[in-house]
Amino acid sequence: MRVPRAEGYFSPIGANVMDGGVNFNLYSRHATGVELLLFDREDDAMAARTITLDPRYNRTYNYWHVFVPRLNAGQLYGYRVLGPYEPQCGMRFDSQKVLLDPYGRGVVVPRGYCREAACRPGENSATAMKSGVVDPSDYDWE
């Protein structure tokens, strides 16, 4: 068993419940910065807590990771990812947008969900889908 460390682990990918908290791990080849946003409710207009990942400690190759103590399954989260905005190269980073974890196991949709808000300029926290931490060991696979 691995002992949790604050900077987290680059494997496994996604949000993984460990002893004492949750390890978050996101792959992004071209990101220049990543923020982990923790929400209390699916329709919150602002994150309850924002954790800025430091590339010196929270990045291994193209993996951005952090261990957050005292979190459990059910925690709602999202990411803000900084990087180049070069549509001609297929890169459309927008640091104002809340993004789902592409490796997440759970998704929560707020009552006021608005897909169009993701396309318009500006903040979209209140209307964006959020990822939810899921502990697969709590699931009855039979």
# chains A, B, ... in the order shown; residues from 1 in each chain; ligands from 1

$ residues_around --residues "Leu71 in chain A" --least-positions-apart "2" --cutoff "10 Å" --atoms "only C-alpha atoms" --output "list of chain:residue names"
A:Val17, A:Met18, A:Asp19, A:Gly20, A:Gly21, A:Val22, A:Asn23, A:Leu38, A:Phe67, A:Val68, A:Pro69, A:Ala73, A:Gly74, A:Gln75, A:Val133

$ residues_around --residues "Thr60 in chain A" --least-positions-apart "2" --cutoff "10 Å" --atoms "only C-alpha atoms" --output "number ranges by chain"
A: 9-11, 27, 55-58, 62-65

$ residues_around --residues "Thr127 in chain A" --least-positions-apart "3" --cutoff "12 Å" --atoms "only C-alpha atoms" --output "list in words"
Arg41, Glu42, Asp43, Asp44, Ala45, Met46, Lys97, Val98, Leu99, Val108, Val109, Pro110, Arg111, Gly112, Tyr113, Cys114, Arg115, Glu116, Ala117, Ala118, Cys119, Gly122, Glu123, Asn124 and Lys130 of chain A

$ write_last_selection --atoms "C-alpha atoms" --output "PDB file, in the first residue's frame"
ATOM      1  CA  ARG A  41     -23.189  21.206  -4.542  1.00  0.00           C
ATOM      2  CA  GLU A  42     -23.734  20.604  -8.247  1.00  0.00           C
ATOM      3  CA  ASP A  43     -25.160  24.094  -8.892  1.00  0.00           C
ATOM      4  CA  ASP A  44     -22.590  26.098  -6.910  1.00  0.00           C
ATOM      5  CA  ALA A  45     -21.578  29.283  -8.726  1.00  0.00           C
ATOM      6  CA  MET A  46     -18.093  29.085  -7.174  1.00  0.00           C
ATOM      7  CA  LYS A  97     -14.361  27.041 -18.063  1.00  0.00           C
ATOM      8  CA  VAL A  98     -15.038  24.211 -15.632  1.00  0.00           C
ATOM      9  CA  LEU A  99     -14.152  20.898 -17.256  1.00  0.00           C
ATOM     10  CA  VAL A 108     -23.490  15.243 -11.782  1.00  0.00           C
ATOM     11  CA  VAL A 109     -25.717  17.540 -13.848  1.00  0.00           C
ATOM     12  CA  PRO A 110     -27.025  20.718 -12.166  1.00  0.00           C
ATOM     13  CA  ARG A 111     -30.688  21.673 -12.590  1.00  0.00           C
ATOM     14  CA  GLY A 112     -29.615  24.777 -14.520  1.00  0.00           C
ATOM     15  CA  TYR A 113     -27.249  22.888 -16.832  1.00  0.00           C
ATOM     16  CA  CYS A 114     -26.520  24.951 -19.935  1.00  0.00           C
ATOM     17  CA  ARG A 115     -24.344  23.496 -22.671  1.00  0.00           C
ATOM     18  CA  GLU A 116     -24.318  26.847 -24.475  1.00  0.00           C
ATOM     19  CA  ALA A 117     -22.627  28.502 -21.472  1.00  0.00           C
ATOM     20  CA  ALA A 118     -19.559  26.430 -22.236  1.00  0.00           C
ATOM     21  CA  CYS A 119     -19.391  28.012 -25.699  1.00  0.00           C
ATOM     22  CA  GLY A 122     -16.939  33.792 -19.298  1.00  0.00           C
ATOM     23  CA  GLU A 123     -17.357  31.693 -16.211  1.00  0.00           C
ATOM     24  CA  ASN A 124     -19.669  28.642 -16.275  1.00  0.00           C
ATOM     25  CA  LYS A 130     -19.246  18.294 -12.417  1.00  0.00           C
TER      26      LYS A 130
END

$ closest_atom_pairs --of "range 23-72 of chain A" --to "range 78-95 of chain A" --cutoff "7 Å" --atoms "only C-alpha atoms" --output "Markdown table"
| residue | atom | partner | partner_atom | distance |
| --- | --- | --- | --- | --- |
| A:His30 | CA | A:Gly83 | CA | 6.4 |
| A:Ala31 | CA | A:Gly83 | CA | 4.7 |
| A:Thr32 | CA | A:Gly83 | CA | 4.9 |
| A:Gly33 | CA | A:Leu82 | CA | 4.8 |
| A:Val34 | CA | A:Val81 | CA | 4.6 |
| A:Glu35 | CA | A:Arg80 | CA | 5.1 |
| A:Leu36 | CA | A:Tyr79 | CA | 4.8 |
| A:Leu37 | CA | A:Gly78 | CA | 5.1 |
| A:Leu38 | CA | A:Gly78 | CA | 6.8 |

$ write_last_selection --atoms "C-alpha atoms" --output "tab-separated table (two decimals), in the first residue's frame"
chain	number	residue	atom	x	y	z
A	30	HIS	CA	-0.22	20.81	-23.72
A	31	ALA	CA	-1.51	22.23	-20.44
A	32	THR	CA	0.59	24.95	-18.87
A	33	GLY	CA	-1.37	24.95	-15.62
A	34	VAL	CA	-4.15	23.07	-13.84
A	35	GLU	CA	-6.56	23.96	-11.04
A	36	LEU	CA	-8.61	21.39	-9.18
A	37	LEU	CA	-11.99	22.81	-8.16
A	38	LEU	CA	-13.89	21.23	-5.26

$ atom_distance --atom1 "CA of Ala128 in chain A" --atom2 "CA of Leu100 in chain A"
8.5 Å

$ select_by_dssp --residues "chain A" --states "helix (DSSP H, G or I)" --output "list in words"
Pro87, Gln88, Cys89, Arg115, Glu116, Ala117, Ala118, Ser125, Ala126, Thr127, Pro136, Ser137 and Asp138 of chain A

$ write_last_selection --atoms "N, CA and C atoms" --output "PDB file, in the first residue's frame"
ATOM      1  N   PRO A  87      -6.866  27.605 -32.129  1.00  0.00           N
ATOM      2  CA  PRO A  87      -7.861  26.743 -32.783  1.00  0.00           C
ATOM      3  C   PRO A  87      -7.349  26.090 -34.068  1.00  0.00           C
ATOM      4  N   GLN A  88      -6.486  26.774 -34.784  1.00  0.00           N
ATOM      5  CA  GLN A  88      -5.954  26.210 -36.030  1.00  0.00           C
ATOM      6  C   GLN A  88      -5.121  24.953 -35.766  1.00  0.00           C
ATOM      7  N   CYS A  89      -4.654  24.787 -34.538  1.00  0.00           N
ATOM      8  CA  CYS A  89      -3.871  23.601 -34.146  1.00  0.00           C
ATOM      9  C   CYS A  89      -4.697  22.638 -33.296  1.00  0.00           C
ATOM     10  N   ARG A 115     -25.462  23.835 -21.788  1.00  0.00           N
ATOM     11  CA  ARG A 115     -24.344  23.496 -22.671  1.00  0.00           C
ATOM     12  C   ARG A 115     -23.814  24.731 -23.397  1.00  0.00           C
ATOM     13  N   GLU A 116     -24.721  25.644 -23.744  1.00  0.00           N
ATOM     14  CA  GLU A 116     -24.318  26.847 -24.475  1.00  0.00           C
ATOM     15  C   GLU A 116     -23.380  27.736 -23.652  1.00  0.00           C
ATOM     16  N   ALA A 117     -23.500  27.690 -22.325  1.00  0.00           N
ATOM     17  CA  ALA A 117     -22.627  28.502 -21.472  1.00  0.00           C
ATOM     18  C   ALA A 117     -21.164  28.109 -21.636  1.00  0.00           C
ATOM     19  N   ALA A 118     -20.929  26.871 -22.011  1.00  0.00           N
ATOM     20  CA  ALA A 118     -19.559  26.430 -22.236  1.00  0.00           C
ATOM     21  C   ALA A 118     -18.980  27.041 -23.510  1.00  0.00           C
ATOM     22  N   SER A 125     -19.311  27.977 -13.933  1.00  0.00           N
ATOM     23  CA  SER A 125     -19.358  27.044 -12.800  1.00  0.00           C
ATOM     24  C   SER A 125     -20.760  26.605 -12.418  1.00  0.00           C
ATOM     25  N   ALA A 126     -21.698  27.537 -12.341  1.00  0.00           N
ATOM     26  CA  ALA A 126     -23.045  27.211 -11.866  1.00  0.00           C
ATOM     27  C   ALA A 126     -23.802  26.304 -12.829  1.00  0.00           C
ATOM     28  N   THR A 127     -23.479  26.369 -14.116  1.00  0.00           N
ATOM     29  CA  THR A 127     -24.246  25.622 -15.111  1.00  0.00           C
ATOM     30  C   THR A 127     -23.479  24.457 -15.734  1.00  0.00           C
ATOM     31  N   PRO A 136     -14.912   2.513  -6.388  1.00  0.00           N
ATOM     32  CA  PRO A 136     -15.428   1.257  -6.963  1.00  0.00           C
ATOM     33  C   PRO A 136     -15.493   0.133  -5.953  1.00  0.00           C
ATOM     34  N   SER A 137     -14.749   0.230  -4.859  1.00  0.00           N
ATOM     35  CA  SER A 137     -14.809  -0.846  -3.853  1.00  0.00           C
ATOM     36  C   SER A 137     -16.135  -0.824  -3.096  1.00  0.00           C
ATOM     37  N   ASP A 138     -16.885   0.296  -3.177  1.00  0.00           N
ATOM     38  CA  ASP A 138     -18.203   0.385  -2.541  1.00  0.00           C
ATOM     39  C   ASP A 138     -19.313  -0.193  -3.414  1.00  0.00           C
TER      40      ASP A 138
END

$ select_by_dssp --residues "range 58-96 of chain A" --states "strand (DSSP E)" --output "short mmCIF file (atom, residue, chain, number, x, y, z; two decimals) with C-alpha atoms, in the first residue's frame"
data_model
loop_
_atom_site.label_atom_id
_atom_site.label_comp_id
_atom_site.auth_asym_id
_atom_site.auth_seq_id
_atom_site.Cartn_x
_atom_site.Cartn_y
_atom_site.Cartn_z
CA ARG A 59 3.38 17.18 -12.71
CA THR A 60 5.09 14.03 -13.94
CA TYR A 63 0.29 13.93 -15.87
CA TRP A 64 -0.98 16.53 -13.39
CA HIS A 65 -1.65 15.05 -9.95
CA VAL A 66 -2.40 15.97 -6.33
CA PHE A 67 -3.46 14.11 -3.19
CA VAL A 68 -6.16 15.86 -1.14
CA PRO A 69 -6.48 14.55 2.41
CA LEU A 76 -17.83 16.96 -6.54
CA TYR A 77 -14.99 18.40 -8.58
CA GLY A 78 -13.90 19.83 -11.90
CA TYR A 79 -10.79 21.27 -13.50
CA ARG A 80 -9.69 24.53 -15.03
CA VAL A 81 -6.87 23.94 -17.46
CA LEU A 82 -4.59 26.66 -18.77
CA TYR A 85 -5.62 29.03 -27.48
CA GLU A 86 -4.71 28.04 -31.06
CA MET A 91 -6.05 23.68 -29.00
CA ARG A 92 -8.85 25.63 -27.33
#
